[in-house]
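Participant: The structure follows.
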Amino acid sequence: MGDLWPWAGLALLGAYHGLNPGMGWLFAVGLGLQERSRAAVTGALVPIAIGHELSVALVVIALGGAVAAGPAVLVRSLGAIVLIGFGAWKLVRPRHPRWVGFRLDRRQLTVWSFLMSSAHGAGLMLVPVLLGLPASEPVGARAEHPLLGGGATGMSWWSGSAAVVVHSAAMLAVMGVVAVVVYDKVGLGILRRAWVNLDLVWAATLVAAGVFTLFT
């Protein structure tokens with residue numbers, strides 16, 4: 001069970017990102033309403049997920065390079081400080097990347113999603129979970145090139161790649177369900193009736209994750 005919790009955590013964080021309107025489903029529904037087409041909604045989901053996946057992948061690669069270059073304890077402490085600092089900054093200045101209009105092709109939509117996910121610190125939130133991933137490789141794979149230093153506390157290139165896929169797949173699944181349900185059944189009026197400041201919740205969660213990483 002100890003080896004399963006990081007994967008469950010990655011999937012749950014992906015589901016949370018999928019629920020957050022700022023991560024993409026609101027934009028997808030807006031496209032659908034503008035074009036009066038459910039196909040426009042579903043067609044926007046994959047580019048949004050790819051942009052999110054690229055943002056998360058950059059954090060995985062950077063974290064792997066950091067642990068390969070220095071002690072894992074130091075990297076954990078620095079990661080915690082970055083999480084706390086970024087979360088505090090988002091509490092003070094909850095700004096989003098600006099993009100003009102809804103007329104975006106798939107490449108532009110992917111870039112928009114990448115910028116939005118990066119601005120939210122989506123990949124940073126995964127740092128505590130990534131540090132808990134096992135270093136095991138699939139049977140027959142070579143383990144000479146660990147991503148996070150190898151050994152019992154590091155993760156391999158395979159597990160790092162799998163982490164990105166698991167997280168992004170969970171996000172895409174939840175985001176897709178929410179976008180279609182809102183477009184077909186609920187409507188954007190739900191944001192006025194059941195409004196929650198998810199930016200505030202997200203920033204506070206980043207700070208909490210940093211504190212958790214620092215003291216565990």
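The way I read the labels, and the way they are meant: chains A, B, ... in the order of the structure tokens, residue 1 as the first residue of every chain, and ligand 1 as the first ligand shown, with later ones counted on from there.
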For region 117-129 of chain A, please output as an mmCIF file with N, CA and C atoms, in the first residue's frame all residues within 9 Å (counting only C-alpha atoms; exclusion window: fewer than 5 positions along the same chain).

Facilitator:
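Now in selection-v4.cif:
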data_model
loop_
_atom_site.group_PDB
_atom_site.id
_atom_site.type_symbol
_atom_site.label_atom_id
_atom_site.label_comp_id
_atom_site.auth_asym_id
_atom_site.auth_seq_id
_atom_site.Cartn_x
_atom_site.Cartn_y
_atom_site.Cartn_z
ATOM 1 N N TRP A 5 0.139 4.827 -2.635
ATOM 2 C CA TRP A 5 -0.412 6.136 -2.281
ATOM 3 C C TRP A 5 0.083 7.262 -3.185
ATOM 4 N N PRO A 6 1.360 7.263 -3.659
ATOM 5 C CA PRO A 6 1.746 8.362 -4.551
ATOM 6 C C PRO A 6 0.935 8.373 -5.848
ATOM 7 N N TRP A 7 0.625 7.186 -6.393
ATOM 8 C CA TRP A 7 -0.156 7.119 -7.625
ATOM 9 C C TRP A 7 -1.586 7.591 -7.387
ATOM 10 N N GLY A 9 -2.391 9.711 -5.098
ATOM 11 C CA GLY A 9 -2.268 11.159 -4.917
ATOM 12 C C GLY A 9 -2.179 11.890 -6.239
ATOM 13 N N LEU A 10 -1.418 11.332 -7.179
ATOM 14 C CA LEU A 10 -1.306 11.944 -8.507
ATOM 15 C C LEU A 10 -2.655 11.992 -9.209
ATOM 16 N N LEU A 13 -4.948 14.609 -7.448
ATOM 17 C CA LEU A 13 -4.569 15.970 -7.818
ATOM 18 C C LEU A 13 -4.981 16.268 -9.258
ATOM 19 N N HIS A 17 -7.487 19.220 -10.450
ATOM 20 C CA HIS A 17 -7.203 20.147 -11.547
ATOM 21 C C HIS A 17 -8.322 20.116 -12.590
ATOM 22 N N GLY A 22 -10.499 27.213 -13.784
ATOM 23 C CA GLY A 22 -9.365 27.960 -14.307
ATOM 24 C C GLY A 22 -8.369 27.119 -15.069
ATOM 25 N N MET A 23 -8.422 25.800 -14.908
ATOM 26 C CA MET A 23 -7.491 24.910 -15.599
ATOM 27 C C MET A 23 -7.956 24.532 -17.005
ATOM 28 N N GLY A 51 -1.319 20.720 -22.925
ATOM 29 C CA GLY A 51 -0.629 21.868 -22.354
ATOM 30 C C GLY A 51 -0.359 21.688 -20.875
ATOM 31 N N HIS A 52 -1.340 21.158 -20.167
ATOM 32 C CA HIS A 52 -1.178 20.879 -18.735
ATOM 33 C C HIS A 52 -0.094 19.827 -18.517
ATOM 34 N N GLU A 53 -0.105 18.796 -19.346
ATOM 35 C CA GLU A 53 0.880 17.720 -19.233
ATOM 36 C C GLU A 53 2.299 18.241 -19.455
ATOM 37 N N SER A 55 3.378 21.280 -18.882
ATOM 38 C CA SER A 55 3.751 22.073 -17.716
ATOM 39 C C SER A 55 4.204 21.180 -16.567
ATOM 40 N N VAL A 56 3.462 20.110 -16.334
ATOM 41 C CA VAL A 56 3.821 19.165 -15.267
ATOM 42 C C VAL A 56 5.126 18.450 -15.599
ATOM 43 N N ALA A 57 5.312 18.088 -16.870
ATOM 44 C CA ALA A 57 6.527 17.372 -17.274
ATOM 45 C C ALA A 57 7.772 18.209 -17.024
ATOM 46 N N LEU A 58 7.681 19.525 -17.226
ATOM 47 C CA LEU A 58 8.828 20.391 -16.961
ATOM 48 C C LEU A 58 9.232 20.347 -15.493
ATOM 49 N N VAL A 59 8.247 20.302 -14.610
ATOM 50 C CA VAL A 59 8.549 20.220 -13.177
ATOM 51 C C VAL A 59 9.194 18.879 -12.851
ATOM 52 N N VAL A 60 8.694 17.796 -13.451
ATOM 53 C CA VAL A 60 9.277 16.465 -13.219
ATOM 54 C C VAL A 60 10.736 16.446 -13.655
ATOM 55 N N LEU A 63 12.867 18.656 -11.305
ATOM 56 C CA LEU A 63 13.047 18.003 -10.012
ATOM 57 C C LEU A 63 14.064 16.868 -10.119
ATOM 58 N N ARG A 76 14.366 18.453 -1.186
ATOM 59 C CA ARG A 76 13.048 18.435 -0.533
ATOM 60 C C ARG A 76 12.801 19.745 0.200
ATOM 61 N N GLY A 79 12.316 22.499 -2.356
ATOM 62 C CA GLY A 79 11.001 22.356 -2.973
ATOM 63 C C GLY A 79 9.898 22.855 -2.072
ATOM 64 N N ALA A 80 10.020 22.564 -0.770
ATOM 65 C CA ALA A 80 9.024 23.029 0.194
ATOM 66 C C ALA A 80 9.003 24.548 0.268
ATOM 67 N N VAL A 82 9.919 26.644 -2.081
ATOM 68 C CA VAL A 82 9.342 27.157 -3.329
ATOM 69 C C VAL A 82 7.816 27.054 -3.290
ATOM 70 N N LEU A 83 7.294 25.931 -2.813
ATOM 71 C CA LEU A 83 5.845 25.753 -2.704
ATOM 72 C C LEU A 83 5.226 26.804 -1.793
ATOM 73 N N PHE A 86 5.561 30.315 -3.470
ATOM 74 C CA PHE A 86 4.669 30.484 -4.619
ATOM 75 C C PHE A 86 3.220 30.585 -4.156
ATOM 76 N N GLY A 87 2.846 29.741 -3.185
ATOM 77 C CA GLY A 87 1.489 29.806 -2.660
ATOM 78 C C GLY A 87 1.191 31.137 -2.011
ATOM 79 N N LYS A 90 0.671 33.706 -4.696
ATOM 80 C CA LYS A 90 -0.648 33.575 -5.324
ATOM 81 C C LYS A 90 -1.753 34.106 -4.407
ATOM 82 N N PRO A 94 -3.351 36.964 -7.113
ATOM 83 C CA PRO A 94 -3.972 35.841 -7.863
ATOM 84 C C PRO A 94 -4.285 36.223 -9.300
ATOM 85 N N ARG A 95 -3.255 36.408 -10.104
ATOM 86 C CA ARG A 95 -3.449 36.814 -11.497
ATOM 87 C C ARG A 95 -3.352 35.622 -12.430
ATOM 88 N N HIS A 96 -3.943 35.775 -13.631
ATOM 89 C CA HIS A 96 -3.932 34.729 -14.648
ATOM 90 C C HIS A 96 -3.311 35.275 -15.935
ATOM 91 N N PRO A 97 -2.728 34.385 -16.758
ATOM 92 C CA PRO A 97 -2.270 34.833 -18.079
ATOM 93 C C PRO A 97 -3.449 35.347 -18.899
ATOM 94 N N TRP A 112 -1.910 28.149 -24.424
ATOM 95 C CA TRP A 112 -2.702 28.802 -23.376
ATOM 96 C C TRP A 112 -2.778 27.916 -22.135
ATOM 97 N N ASP A 199 -9.141 29.904 -6.562
ATOM 98 C CA ASP A 199 -7.783 30.442 -6.550
ATOM 99 C C ASP A 199 -7.268 30.561 -5.116
ATOM 100 N N TRP A 202 -6.648 27.062 -3.848
ATOM 101 C CA TRP A 202 -5.453 26.506 -4.477
ATOM 102 C C TRP A 202 -4.189 27.087 -3.864
ATOM 103 N N ALA A 203 -4.161 28.400 -3.661
ATOM 104 C CA ALA A 203 -2.984 29.035 -3.069
ATOM 105 C C ALA A 203 -2.738 28.518 -1.657
ATOM 106 N N THR A 205 -3.640 25.648 -0.524
ATOM 107 C CA THR A 205 -3.213 24.252 -0.642
ATOM 108 C C THR A 205 -1.730 24.157 -0.982
ATOM 109 N N LEU A 206 -1.243 25.065 -1.829
ATOM 110 C CA LEU A 206 0.174 25.100 -2.162
ATOM 111 C C LEU A 206 1.019 25.339 -0.895
ATOM 112 N N ALA A 209 0.923 22.233 1.241
ATOM 113 C CA ALA A 209 1.764 21.178 0.681
ATOM 114 C C ALA A 209 3.240 21.456 0.962
ATOM 115 N N GLY A 210 3.623 22.728 0.903
ATOM 116 C CA GLY A 210 5.008 23.092 1.219
ATOM 117 C C GLY A 210 5.348 22.796 2.658
ATOM 118 N N PHE A 212 3.868 20.606 4.599
ATOM 119 C CA PHE A 212 3.878 19.153 4.727
ATOM 120 C C PHE A 212 5.205 18.579 4.243
ATOM 121 N N THR A 213 5.683 19.063 3.094
ATOM 122 C CA THR A 213 6.943 18.577 2.534
ATOM 123 C C THR A 213 8.121 18.928 3.430
#

Participant: Just the residues within 9 Å of region 38-41 of chain A, please, counting only C-alpha atoms, with nothing from its chain fewer than 2 positions along; format it as a PyMOL selection string.

Facilitator: chain A and resi 25+27-33+35-36+43-45+176+179-180+183-184

Participant: Give the answer as one residue: which of A:Ala8, A:Val111, A:Leu200, A:Val165 has the shortest atom-to-atom distance to Asn20 (chain A), using only C-alpha atoms?

Facilitator: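 Once distances to Asn20 (chain A) are computed over only C-alpha atoms, the minimum belongs to A:Leu200.
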